[in-house]
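Have a look at the structure below, then the notes.
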Amino acid sequence: MTTTEAKVGAQVGHQVGRSLPRLESRDKVTGRAEYVHTMRLPGMLHAKLFRSTVAHGRIKSIDTSAAKNFPGVAHVVTIADIRKVIPDPYYGPAFHDQPILADGKVRFVGEPVAAVLAADPHVAEEAVQLITAEYEELPAVFDEVEALTANTYIHDELKPAGTFADLKHLKGVRNTNVALDYRLRRGDVDKAFASAAHVFEHEFKTQKVLHLSFEPHATIADYKDSGVTLYTASQGPSFVRTEIARLLGWPENKVRVKVPYLGSGYGSKLYIKLEALALALSMISRRPVKIALTFEELFYQITRHPTTFRIKSGIDKNGRIIARKCEVLWNGGAYADIGPRVTQKSGLTASGPYDIENVSIDSYALYTNVTPSGALRGFGVPQLVWAYESHTDMIARALNIDPIEFRRKNLLREGRPHATGTVMKDAPSTRYWTSSPSGSMRSRSTAAPASSAAAAASVSASRR
Amino acid sequence: MTAARTIHFKLNGAPVSADVKPHHNLIEMLQAQFGLTGARESCGQGLCGCCTVLVNGRAVSGCLQLAVLVDGAEVVTIESLDAGDKLDPVQQAFIEAGAFQCGYCTPGFVLMTKQLLDAHPDPDDEQIKHYLSGNLCRCGTYPEVIAAVKLASRRRKGAPAG
Amino acid sequence: MITPTTSVAIVNVSADGSVALYCGTIDMGQGSDTTMAQMVGEVLNVPAESVRVVQRDTDVTPYDMGTLGSRSLFHMGHAVRRAAEDAREKLKALAREVGEPEGSNIPIPALFVKKYGMQAGNVIGTGIYKPDYIPPAPDTGLSANITAFWMISGTGAEVEVDTETGHVRLLKLVSVLDIGTPINPKIVETQISGAAIMQLGFTMFEKMHIDGGQVTNASLADYKIPGFHDVPLTMENLCVDTYQSNGPFGAKGVGEVATFGVSPAIANAIDDACGVRLTELPLNPEAVLRAIRAKQGKPLGNE
């Protein structure tokens, strides 16, 4: 594996197109690949978190005295301590809505309220059990449909981060749980529905699921006056650096973010997660601090958005979809994370990969009192495809059209505009849509004893 | 917190001792005291297989095994498999079959596969699935793992791998 | 995703001819280190195995927006390609500078020795990529250029439904994707089947149970994820033969696209098998059985 024979004009054969084993293969099969969750720094303290037991409430008091007196405990930290080192302790990629620790209010069960630092993680864990908090419970909203019209508000006002131009108009908006409303209007949907031979309307729902990367979230922050180094299980070190520098009021060149191997992420380790808290704890303790979540704690970190999707289609007498109306409600949980981007970026694909003249889409990011939702392998698209491809099949079956034939008739083809107006380019040759390349996209039924079997196909297109 | 006690055991063939507290599990002892991080705690319930370690020749979930219990035992971790810089045939097969993605669960799969092939040198699909059902891969690399096990099986029998 | 999104890469050729790539894409199992190295190797005519992909460190590796949205192979891929091309052009310039004839095949170490009199120096290539993009208009949501590339896939499912228990057995799952031209076909296949298996869990059984805001199944014992026995008996992972005209080497991203069709394909297959339509995930035995019994006019109670 030496390159000393490399020559300026030499040919070693094509490298692109090779089924080369992964470069890091040996490190992974020998167990020597390094992950943050198993890393240690000299002098490091471990942080364990005391979490909210109520879904929505005002914090009346937090009693940390017993934890502070527990032998081996270095620090017990609440938001009041964090404000002394980071005066504006709010973070997030789309909205600066998430406090480093709960600040006056808790907004979901499992929200971090206090942190205990100790050299021995078991000491920190045991001391966490000695913390008590009193809450004045508030009405809570869990469901995205309810959140749209509820008069219980998760946040007093919206705080867009300023990163995204299309969120700026939301700054300071009060009395709402809608963190973003994306709308698309193409053609005249009402007129098209009026002229349609058939109209179908369905509602689909998806549940709350999560990534469960086998390496749970982990960050080590090592703060010094000259700069801070973060070792973090992150999918986006550049973003972490920018956000940490902002919280510190420092130039980016004083913030160093290192990521070794990642025990996967699937979207869970994006933007900023434990990094801000680890930083604050290292500033307070003046020692390296590690936060490594347990598997259980993953359920309080980030999840996929549950959705409610109401979809309505108008079909003409030739089996063409002439109108489609989509209303998608995204259950974003207590903090926006990247939910508003999911709402917009996936929202604009909600009408599916079809050539439809008249489209209306409304896509709403909603705050609720559950674990925040963010990106999970598909950035919202799987929830949408679930709905529009079930809907498409239901229409075809109701009209007695072969579901594949129905899709073929309506698919967006090369050179035709998508609902957004963007013209389809590089569509796979239409032969792939007009035949079944694997023989697998055709419906097929086979008999099996005491059961039935079936096949179905669905198609989707999405963008980034 | 209770006092530590000293235990003596064999780790990857060498006699060692360690000071452990009654609540320490095998994984934290291996990581904190021996710098061996190939066995990793993930689910904490002995269900994912990431923490697989061999104790007296049997695969155990290191996250559920108290460290004090290995006093006098023979402990083998993933780090012992490529002694002398030569990969175990199972490791080589995992590489060639591309039987991992993020790699976090891989050491557990490799150790269980070794044990599987010791018990069933020529396993069929059902035996593989059954034997490895205590190992989970969130990246979903199961088809490749089955291919790797079969490749390793052929290699171990000395047959030309195909 | 967060648009417009930017990737920056650096390719460093050392005086011994060895090549290092500095890029911020995180290899979390998707194989990006390998595919990026292949692109560098393709441009610089070195074996991909010999390219060192430097560990991510913001003091060292340049900016990248993030490893998400299947963007890396496209965005970072272009940046890496450009960085390698830049290095290649600089090597050629160096060859001209030291008096090598056009088309010279001088070994790279000899080139550096000729220039510096000893094994010394570097050639550093840089590449930046940011695709064109027009944000959606605030009032209509329309844009003439909403995406650099589309993600296109189809999924087929064949299922067996036990009408006594509601249990659904997946006999076959076929994923057909347009991912342009694969840089590493083996890694692509693993990405496809891995994504489909993950989405299969979200389709068939995974669910966080929440009662009054409390998560009541926050453990692997109570929240099931796919294991060996949940993998469909047959899986086919296919890519259509295409070339992404604006992609690096005709390629585009693949990490997510195989998830898309899994849920509806299975629900559509269940309908085809036993005539019940489920509109809420997951499609677990209880949901299927409830639908079957409702259709039979013998609905199950709530307990």
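Here, A, B, ... name the chains of the structure tokens in the order displayed, residue numbers run from 1 inside each chain, and ligands are numbered from 1 in the same displayed order.
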* Asked: Within 8 Å of segment 172-186 of chain A, counting only C-alpha atoms, which residues qualify if same-chain residues fewer than 6 places away don't, as a PyMOL selection string?
  -> (chain A and resi 147-148+151+153-159+336+340+343-344+347-348+357-368+419-420) or (chain C and resi 138-142)
With the cut-off set at 7 Å and counting only C-alpha atoms, tabulate each residue of chain A with an atom at most that distance from an atom of chain B, showing the nearest atom pair and its distance in Å to one decimal, ordered by chain and increasing number, as a tab-separated table.
```
residue	atom	partner	partner_atom	distance
A:Pro21	CA	B:Gly98	CA	6.3
A:Ser25	CA	B:Ile95	CA	5.9
A:Lys28	CA	B:Gly103	CA	5.2
A:Val29	CA	B:Gln91	CA	5.6
A:Thr30	CA	B:Glu79	CA	6.0
A:Gly31	CA	B:Gly38	CA	4.0
A:Arg32	CA	B:Gly38	CA	6.0
A:Thr38	CA	B:Thr37	CA	6.3
A:Ser213	CA	B:Arg138	CA	6.6
A:Phe214	CA	B:Ser42	CA	5.6
A:Glu215	CA	B:Ser42	CA	6.2
A:Pro216	CA	B:Ser42	CA	6.9
A:Leu262	CA	B:Cys102	CA	6.5
A:Gly263	CA	B:Tyr104	CA	5.1
A:Ser264	CA	B:Cys102	CA	5.3
A:Phe295	CA	B:Cys43	CA	5.1
```
Let me see the file: selected residues, N, CA and C atoms, as a compact mmCIF listing (two decimals), in the first residue's frame.
```
# COMPACT_ATOMS: atom_id res chain seq x y z
N PRO A 21 -13.16 -2.91 -0.04
CA PRO A 21 -13.59 -2.95 1.37
C PRO A 21 -13.29 -1.61 2.06
N SER A 25 -11.53 -0.88 7.81
CA SER A 25 -12.00 -2.22 8.15
C SER A 25 -11.25 -2.86 9.32
N LYS A 28 -12.08 -1.62 12.72
CA LYS A 28 -13.42 -1.97 13.20
C LYS A 28 -13.53 -3.44 13.60
N VAL A 29 -12.93 -4.35 12.84
CA VAL A 29 -13.07 -5.77 13.21
C VAL A 29 -12.16 -6.16 14.38
N THR A 30 -11.16 -5.34 14.66
CA THR A 30 -10.28 -5.66 15.80
C THR A 30 -10.71 -4.94 17.07
N GLY A 31 -11.77 -4.15 16.99
CA GLY A 31 -12.26 -3.45 18.17
C GLY A 31 -11.41 -2.25 18.54
N ARG A 32 -10.51 -1.86 17.66
CA ARG A 32 -9.60 -0.77 18.01
C ARG A 32 -10.06 0.59 17.49
N THR A 38 -16.30 5.74 24.55
CA THR A 38 -15.33 4.97 25.36
C THR A 38 -14.03 5.74 25.59
N SER A 213 -28.84 4.89 17.91
CA SER A 213 -27.46 4.57 17.55
C SER A 213 -26.85 3.77 18.69
N PHE A 214 -26.12 2.72 18.37
CA PHE A 214 -25.59 1.88 19.45
C PHE A 214 -24.50 2.58 20.25
N GLU A 215 -23.84 3.53 19.64
CA GLU A 215 -23.01 4.42 20.46
C GLU A 215 -23.91 5.57 20.90
N PRO A 216 -24.38 5.57 22.14
CA PRO A 216 -25.23 6.69 22.55
C PRO A 216 -24.44 8.01 22.49
N LEU A 262 -17.70 7.16 14.54
CA LEU A 262 -19.02 7.44 15.08
C LEU A 262 -19.82 6.14 15.06
N GLY A 263 -20.33 5.75 16.25
CA GLY A 263 -21.15 4.54 16.35
C GLY A 263 -22.53 4.80 15.80
N SER A 264 -22.49 5.34 14.64
CA SER A 264 -23.57 5.81 13.78
C SER A 264 -24.37 6.96 14.38
N PHE A 295 -28.38 4.24 27.27
CA PHE A 295 -29.34 3.88 26.22
C PHE A 295 -30.71 4.47 26.53
```
So that I can check the secondary structure, give me every residue of segment 26-119 of chain B assigned alpha helix (DSSP H) by backbone DSSP, as an mmCIF file with N, CA and C atoms, in the first residue's frame.
```cif
data_model
loop_
_atom_site.group_PDB
_atom_site.id
_atom_site.type_symbol
_atom_site.label_atom_id
_atom_site.label_comp_id
_atom_site.auth_asym_id
_atom_site.auth_seq_id
_atom_site.Cartn_x
_atom_site.Cartn_y
_atom_site.Cartn_z
ATOM 1 N N LEU B 26 -17.992 -5.752 34.078
ATOM 2 C CA LEU B 26 -16.787 -6.200 33.381
ATOM 3 C C LEU B 26 -16.314 -5.162 32.364
ATOM 4 N N ILE B 27 -17.261 -4.537 31.676
ATOM 5 C CA ILE B 27 -16.899 -3.576 30.631
ATOM 6 C C ILE B 27 -16.155 -2.379 31.207
ATOM 7 N N GLU B 28 -16.695 -1.820 32.286
ATOM 8 C CA GLU B 28 -16.000 -0.636 32.801
ATOM 9 C C GLU B 28 -14.632 -0.993 33.362
ATOM 10 N N MET B 29 -14.499 -2.191 33.901
ATOM 11 C CA MET B 29 -13.172 -2.595 34.367
ATOM 12 C C MET B 29 -12.205 -2.719 33.180
ATOM 13 N N LEU B 30 -12.649 -3.382 32.112
ATOM 14 C CA LEU B 30 -11.766 -3.561 30.954
ATOM 15 C C LEU B 30 -11.377 -2.212 30.356
ATOM 16 N N GLN B 31 -12.343 -1.305 30.303
ATOM 17 C CA GLN B 31 -12.059 0.001 29.691
ATOM 18 C C GLN B 31 -11.200 0.866 30.611
ATOM 19 N N ALA B 32 -11.601 0.963 31.881
ATOM 20 C CA ALA B 32 -10.937 1.920 32.775
ATOM 21 C C ALA B 32 -9.574 1.420 33.220
ATOM 22 N N GLN B 33 -9.446 0.116 33.457
ATOM 23 C CA GLN B 33 -8.205 -0.368 34.048
ATOM 24 C C GLN B 33 -7.257 -1.004 33.050
ATOM 25 N N PHE B 34 -7.787 -1.431 31.894
ATOM 26 C CA PHE B 34 -6.909 -2.099 30.936
ATOM 27 C C PHE B 34 -6.899 -1.414 29.572
ATOM 28 N N PRO B 89 -9.551 -15.601 10.936
ATOM 29 C CA PRO B 89 -10.323 -15.794 9.693
ATOM 30 C C PRO B 89 -11.715 -15.167 9.756
ATOM 31 N N VAL B 90 -12.283 -15.113 10.950
ATOM 32 C CA VAL B 90 -13.605 -14.492 11.081
ATOM 33 C C VAL B 90 -13.506 -12.989 10.790
ATOM 34 N N GLN B 91 -12.468 -12.374 11.317
ATOM 35 C CA GLN B 91 -12.283 -10.936 11.062
ATOM 36 C C GLN B 91 -12.056 -10.676 9.579
ATOM 37 N N GLN B 92 -11.214 -11.514 8.995
ATOM 38 C CA GLN B 92 -10.936 -11.359 7.569
ATOM 39 C C GLN B 92 -12.211 -11.515 6.749
ATOM 40 N N ALA B 93 -13.030 -12.479 7.145
ATOM 41 C CA ALA B 93 -14.284 -12.708 6.418
ATOM 42 C C ALA B 93 -15.239 -11.517 6.581
ATOM 43 N N PHE B 94 -15.289 -10.937 7.762
ATOM 44 C CA PHE B 94 -16.141 -9.759 7.973
ATOM 45 C C PHE B 94 -15.698 -8.602 7.070
ATOM 46 N N ILE B 95 -14.387 -8.472 6.894
ATOM 47 C CA ILE B 95 -13.895 -7.399 6.023
ATOM 48 C C ILE B 95 -14.302 -7.673 4.577
ATOM 49 N N GLU B 96 -14.053 -8.893 4.134
ATOM 50 C CA GLU B 96 -14.299 -9.197 2.725
ATOM 51 C C GLU B 96 -15.776 -9.172 2.387
ATOM 52 N N ALA B 97 -16.610 -9.553 3.353
ATOM 53 C CA ALA B 97 -18.057 -9.551 3.099
ATOM 54 C C ALA B 97 -18.677 -8.178 3.388
ATOM 55 N N THR B 106 -19.531 -4.514 15.973
ATOM 56 C CA THR B 106 -18.767 -5.528 15.239
ATOM 57 C C THR B 106 -17.958 -6.481 16.121
ATOM 58 N N PRO B 107 -17.241 -5.986 17.133
ATOM 59 C CA PRO B 107 -16.486 -6.941 17.951
ATOM 60 C C PRO B 107 -17.376 -8.030 18.560
ATOM 61 N N GLY B 108 -18.558 -7.661 18.969
ATOM 62 C CA GLY B 108 -19.488 -8.650 19.521
ATOM 63 C C GLY B 108 -19.880 -9.692 18.493
ATOM 64 N N PHE B 109 -20.151 -9.241 17.287
ATOM 65 C CA PHE B 109 -20.495 -10.181 16.216
ATOM 66 C C PHE B 109 -19.329 -11.117 15.922
ATOM 67 N N VAL B 110 -18.121 -10.569 15.892
ATOM 68 C CA VAL B 110 -16.948 -11.382 15.563
ATOM 69 C C VAL B 110 -16.750 -12.471 16.627
ATOM 70 N N LEU B 111 -16.843 -12.076 17.897
ATOM 71 C CA LEU B 111 -16.644 -13.068 18.967
ATOM 72 C C LEU B 111 -17.741 -14.134 18.942
ATOM 73 N N MET B 112 -18.985 -13.712 18.724
ATOM 74 C CA MET B 112 -20.074 -14.701 18.694
ATOM 75 C C MET B 112 -19.930 -15.625 17.490
ATOM 76 N N THR B 113 -19.457 -15.081 16.392
ATOM 77 C CA THR B 113 -19.274 -15.915 15.200
ATOM 78 C C THR B 113 -18.208 -16.975 15.443
ATOM 79 N N LYS B 114 -17.150 -16.572 16.132
ATOM 80 C CA LYS B 114 -16.123 -17.566 16.473
ATOM 81 C C LYS B 114 -16.731 -18.711 17.285
ATOM 82 N N GLN B 115 -17.539 -18.330 18.268
ATOM 83 C CA GLN B 115 -18.153 -19.351 19.112
ATOM 84 C C GLN B 115 -19.138 -20.216 18.312
ATOM 85 N N LEU B 116 -19.869 -19.549 17.415
ATOM 86 C CA LEU B 116 -20.801 -20.280 16.548
ATOM 87 C C LEU B 116 -20.063 -21.321 15.708
ATOM 88 N N LEU B 117 -18.947 -20.906 15.124
ATOM 89 C CA LEU B 117 -18.228 -21.829 14.234
ATOM 90 C C LEU B 117 -17.527 -22.933 15.012
ATOM 91 N N ASP B 118 -17.204 -22.660 16.281
ATOM 92 C CA ASP B 118 -16.666 -23.734 17.112
ATOM 93 C C ASP B 118 -17.742 -24.797 17.352
ATOM 94 N N ALA B 119 -18.972 -24.339 17.548
ATOM 95 C CA ALA B 119 -20.069 -25.269 17.829
ATOM 96 C C ALA B 119 -20.625 -25.890 16.548
#
```
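For the choices A:Glu296, A:Ile82, A:Ile131, A:His217, the atom-to-atom distance to Leu247 of chain A is smallest for A:Ile82 when using only C-alpha atoms.
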Exercise: segment 131-135 of chain C partners within 9 Å, only C-alpha atoms, chain neighbours under 3 positions left out, as a PDB file with C-alpha atoms, in the first residue's frame:
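Saved result, part-v4.pdb, follows:
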```pdb
ATOM      1  CA  ASP A 166     -37.339  32.164   5.822  1.00  0.00           C
TER       2      ASP A 166
ATOM      3  CA  THR C   3     -29.385  25.471   1.847  1.00  0.00           C
ATOM      4  CA  PRO C   4     -27.317  26.485   0.137  1.00  0.00           C
ATOM      5  CA  THR C   5     -24.885  24.019   1.647  1.00  0.00           C
ATOM      6  CA  THR C   6     -21.147  24.105   1.303  1.00  0.00           C
ATOM      7  CA  HIS C  75     -21.499  17.939  -2.202  1.00  0.00           C
ATOM      8  CA  PRO C 138     -42.486  32.893   0.600  1.00  0.00           C
ATOM      9  CA  GLY C 141     -43.404  27.987  -2.045  1.00  0.00           C
ATOM     10  CA  LEU C 142     -42.294  27.732  -5.676  1.00  0.00           C
ATOM     11  CA  SER C 143     -38.729  27.695  -6.987  1.00  0.00           C
ATOM     12  CA  ALA C 144     -37.221  27.124 -10.406  1.00  0.00           C
ATOM     13  CA  ASN C 145     -34.244  25.372  -8.784  1.00  0.00           C
ATOM     14  CA  ILE C 146     -35.201  23.717  -5.530  1.00  0.00           C
ATOM     15  CA  THR C 147     -32.657  20.915  -5.608  1.00  0.00           C
ATOM     16  CA  ALA C 148     -29.302  19.862  -6.992  1.00  0.00           C
TER      17      ALA C 148
END
```
* To do: Could you please tell me, as a ChimeraX atom specification, which residues of chain C have an atom within 8 Å of chain B when using only C-alpha atoms?
  => /C:27-31,186-187,190,193-195,197-198,219-221,225-229,231
Write a file of the just-selected residues containing C-alpha atoms, as a CSV table (one decimal), in the first residue's frame.
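The result, stored in part34.csv:
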```csv
chain,number,residue,atom,x,y,z
C,27,ASP,CA,-17.9,8.3,8.2
C,28,MET,CA,-20.5,6.9,10.6
C,29,GLY,CA,-20.7,3.6,8.7
C,30,GLN,CA,-21.9,4.8,5.3
C,31,GLY,CA,-18.4,4.3,3.9
C,186,LYS,CA,-20.6,-3.1,-2.6
C,187,ILE,CA,-21.0,-0.2,-0.1
C,190,THR,CA,-25.1,-2.4,2.0
C,193,SER,CA,-30.4,-3.0,2.5
C,194,GLY,CA,-29.4,-1.3,5.8
C,195,ALA,CA,-31.7,1.6,5.2
C,197,ILE,CA,-34.1,-2.9,7.2
C,198,MET,CA,-34.1,0.2,9.5
C,219,SER,CA,-35.2,0.5,26.9
C,220,LEU,CA,-34.1,-2.0,24.3
C,221,ALA,CA,-36.1,-4.7,26.1
C,225,ILE,CA,-35.6,-3.0,16.8
C,226,PRO,CA,-34.9,-5.3,13.8
C,227,GLY,CA,-32.8,-8.4,14.4
C,228,PHE,CA,-31.8,-11.3,12.2
C,229,HIS,CA,-35.3,-12.8,12.3
C,231,VAL,CA,-35.0,-9.5,7.8
```
* A:Pro71, A:Gly104, A:Gly17, A:Pro417: which is nearest chain C, counting only C-alpha atoms? ->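 Using only C-alpha atoms, the shortest distance to chain C belongs to A:Gly17.
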* Considering only C-alpha atoms, return as a ChimeraX atom specification whatever protein or nucleic-acid residues lie within 12 Å of Glu144 of chain A, sequence-local ones (same chain, fewer than 5 positions apart) excluded. => /A:149-150,177-179,205-208,305-309,328-334,363-370,373
Using only N, CA and C atoms, please write the residues we just selected to a file, as a short mmCIF file (atom, residue, chain, number, x, y, z; two decimals), in the first residue's frame.
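File part13.cif, as written:
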```cif
data_model
loop_
_atom_site.label_atom_id
_atom_site.label_comp_id
_atom_site.auth_asym_id
_atom_site.auth_seq_id
_atom_site.Cartn_x
_atom_site.Cartn_y
_atom_site.Cartn_z
N THR A 149 -54.17 24.05 17.46
CA THR A 149 -55.23 24.96 17.90
C THR A 149 -55.27 25.15 19.42
N ALA A 150 -54.40 24.45 20.15
CA ALA A 150 -54.44 24.53 21.61
C ALA A 150 -54.15 25.95 22.09
N ASN A 177 -48.02 27.56 18.75
CA ASN A 177 -47.12 26.41 18.81
C ASN A 177 -46.54 26.11 17.44
N VAL A 178 -46.87 26.95 16.46
CA VAL A 178 -46.39 26.71 15.09
C VAL A 178 -45.01 27.33 14.94
N ALA A 179 -44.01 26.48 14.78
CA ALA A 179 -42.64 26.97 14.65
C ALA A 179 -42.31 27.31 13.20
N LYS A 205 -51.14 8.59 9.67
CA LYS A 205 -50.36 8.98 10.84
C LYS A 205 -49.09 8.14 10.94
N THR A 206 -48.06 8.77 11.48
CA THR A 206 -46.86 8.01 11.84
C THR A 206 -46.58 8.22 13.32
N GLN A 207 -45.90 7.26 13.89
CA GLN A 207 -45.67 7.23 15.34
C GLN A 207 -44.31 7.82 15.70
N LYS A 208 -44.06 7.95 16.96
CA LYS A 208 -42.76 8.47 17.42
C LYS A 208 -41.77 7.31 17.51
N HIS A 305 -40.02 12.79 13.81
CA HIS A 305 -41.31 13.46 13.97
C HIS A 305 -42.48 12.50 13.76
N PRO A 306 -43.37 12.40 14.73
CA PRO A 306 -44.68 11.83 14.40
C PRO A 306 -45.41 12.81 13.49
N THR A 307 -46.26 12.27 12.63
CA THR A 307 -46.96 13.16 11.70
C THR A 307 -48.42 12.79 11.56
N THR A 308 -49.20 13.79 11.21
CA THR A 308 -50.56 13.59 10.71
C THR A 308 -50.61 14.24 9.35
N PHE A 309 -50.99 13.48 8.36
CA PHE A 309 -50.95 13.94 6.97
C PHE A 309 -52.34 13.74 6.38
N VAL A 328 -49.77 18.72 6.24
CA VAL A 328 -48.90 17.87 7.05
C VAL A 328 -48.61 18.56 8.38
N LEU A 329 -48.88 17.86 9.46
CA LEU A 329 -48.57 18.39 10.79
C LEU A 329 -47.42 17.57 11.36
N TRP A 330 -46.35 18.27 11.72
CA TRP A 330 -45.14 17.61 12.24
C TRP A 330 -45.06 17.84 13.74
N ASN A 331 -45.02 16.76 14.49
CA ASN A 331 -44.93 16.86 15.95
C ASN A 331 -43.47 17.05 16.34
N GLY A 332 -43.12 18.31 16.59
CA GLY A 332 -41.70 18.64 16.77
C GLY A 332 -41.19 18.47 18.18
N GLY A 333 -42.08 18.21 19.15
CA GLY A 333 -41.61 18.10 20.53
C GLY A 333 -41.31 19.47 21.11
N ALA A 334 -40.61 19.46 22.24
CA ALA A 334 -40.49 20.66 23.07
C ALA A 334 -39.52 21.70 22.51
N SER A 363 -47.58 22.79 5.44
CA SER A 363 -46.74 21.92 6.28
C SER A 363 -46.39 22.72 7.53
N TYR A 364 -46.76 22.17 8.70
CA TYR A 364 -46.62 22.92 9.94
C TYR A 364 -45.68 22.22 10.92
N ALA A 365 -44.67 22.95 11.39
CA ALA A 365 -43.84 22.46 12.50
C ALA A 365 -44.50 22.86 13.80
N LEU A 366 -44.74 21.90 14.67
CA LEU A 366 -45.48 22.19 15.90
C LEU A 366 -44.69 21.83 17.14
N TYR A 367 -44.73 22.72 18.10
CA TYR A 367 -44.16 22.42 19.41
C TYR A 367 -45.17 21.60 20.21
N THR A 368 -44.66 20.61 20.94
CA THR A 368 -45.49 19.82 21.86
C THR A 368 -44.63 19.50 23.09
N ASN A 369 -45.24 18.87 24.09
CA ASN A 369 -44.50 18.57 25.33
C ASN A 369 -43.95 17.15 25.35
N VAL A 370 -43.22 16.80 24.31
CA VAL A 370 -42.55 15.50 24.28
C VAL A 370 -41.09 15.72 23.83
N SER A 373 -38.06 16.41 18.24
CA SER A 373 -37.93 15.63 17.01
C SER A 373 -36.95 16.34 16.08
#
```
* C:Ile210, C:Ala251, C:Val80, C:Ala95 ranked by distance to Trp150 of chain C, top pick (using only C-alpha atoms) ->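 Using only C-alpha atoms, Trp150 of chain C sits closest to C:Ala251.
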* Shell of 10 Å around Lys92 of chain C, only C-alpha atoms, local chain residues under 5 positions omitted, as a list of chain:residue names ->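 Contacts, in chain order: A:Val8, A:Gly9, C:Asp86, C:Ala87, C:Glu97, C:Glu100, C:Glu102, C:Gly103, C:Ser104, C:Leu111.
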* Asked: Which of these residues is nearest to Gly66 of chain C, using only C-alpha atoms: C:Arg96, C:Cys23, C:Lys115, C:Ile108?
  ->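 Between C:Arg96, C:Cys23, C:Lys115, C:Ile108, the residue approaching Gly66 of chain C most closely is C:Cys23.
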* Between atom CA of Val159 of chain C and atom CA of Thr234 of chain C - distance in Å to one decimal ->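 Atom CA of Val159 of chain C lies at a distance of 11.0 Å from atom CA of Thr234 of chain C.
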* Secondary structure check, strand (DSSP E or B) residues of segment 244-382 of chain A, as number ranges by chain -> A: 255-259, 261, 289-292, 303-304, 307-315, 321-331, 354, 358-366, 373-374
* Structure fact -> Nearest to Lys258 of chain A, restricted to only C-alpha atoms and choosing among C:Glu286, C:Glu206, C:Asp59, C:Glu49, comes out as C:Asp59
* Which one of A:Tyr231, A:Phe406, A:Gly43, A:Ala245 sits closest to Val259 of chain A if you count only C-alpha atoms? ->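 For Val259 of chain A, the nearest of the given residues is A:Tyr231.
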* Close residues, segment 278-294 of chain A itself excluded, 6 Å, only C-alpha atoms, min 5 positions apart in chain, as a list of chain:residue names ->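 Selected residues are A:His37, A:Met44, A:Leu45, A:His46, A:Ala47, A:Pro216, A:His217, A:Ala218, A:Thr219, A:Ile220, A:Ala221, A:Asp222, A:Tyr223.
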* Excluding same-chain residues fewer than 4 positions from Phe260 of chain C, what lies within 10 Å of it counting only C-alpha atoms, as a ChimeraX atom specification? -> /A:377-378,380-386,389,458-462 /C:151-155,175,195-196,199,256,264-265
Expected file contents, prior selection, C-alpha atoms, as a short mmCIF file (atom, residue, chain, number, x, y, z; two decimals), in the first residue's frame:
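This is the output file again-v2.cif:
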```cif
data_model
loop_
_atom_site.label_atom_id
_atom_site.label_comp_id
_atom_site.auth_asym_id
_atom_site.auth_seq_id
_atom_site.Cartn_x
_atom_site.Cartn_y
_atom_site.Cartn_z
CA ARG A 377 -32.65 9.00 7.82
CA GLY A 378 -34.87 10.66 5.28
CA GLY A 380 -39.23 13.63 7.02
CA VAL A 381 -39.60 12.09 3.60
CA PRO A 382 -40.39 8.54 4.84
CA GLN A 383 -43.40 9.88 6.76
CA LEU A 384 -44.65 11.62 3.63
CA VAL A 385 -44.08 8.70 1.28
CA TRP A 386 -45.92 6.48 3.73
CA GLU A 389 -47.97 6.14 -1.65
CA SER A 458 -44.29 2.52 -4.28
CA VAL A 459 -42.22 5.24 -5.73
CA SER A 460 -40.93 8.40 -4.29
CA ALA A 461 -38.81 11.33 -5.09
CA SER A 462 -37.30 13.76 -2.76
CA MET C 151 -33.72 11.08 -4.76
CA ILE C 152 -35.73 8.45 -6.55
CA SER C 153 -36.65 4.96 -5.51
CA GLY C 154 -39.24 2.25 -5.70
CA THR C 155 -39.93 -0.51 -3.22
CA SER C 175 -35.54 -1.83 -3.42
CA ALA C 195 -31.71 1.61 5.16
CA ALA C 196 -34.55 -0.68 4.11
CA GLN C 199 -37.27 1.55 7.92
CA GLU C 256 -31.69 7.64 2.87
CA PRO C 264 -46.36 2.03 2.01
CA ALA C 265 -45.13 -0.97 0.01
#
```
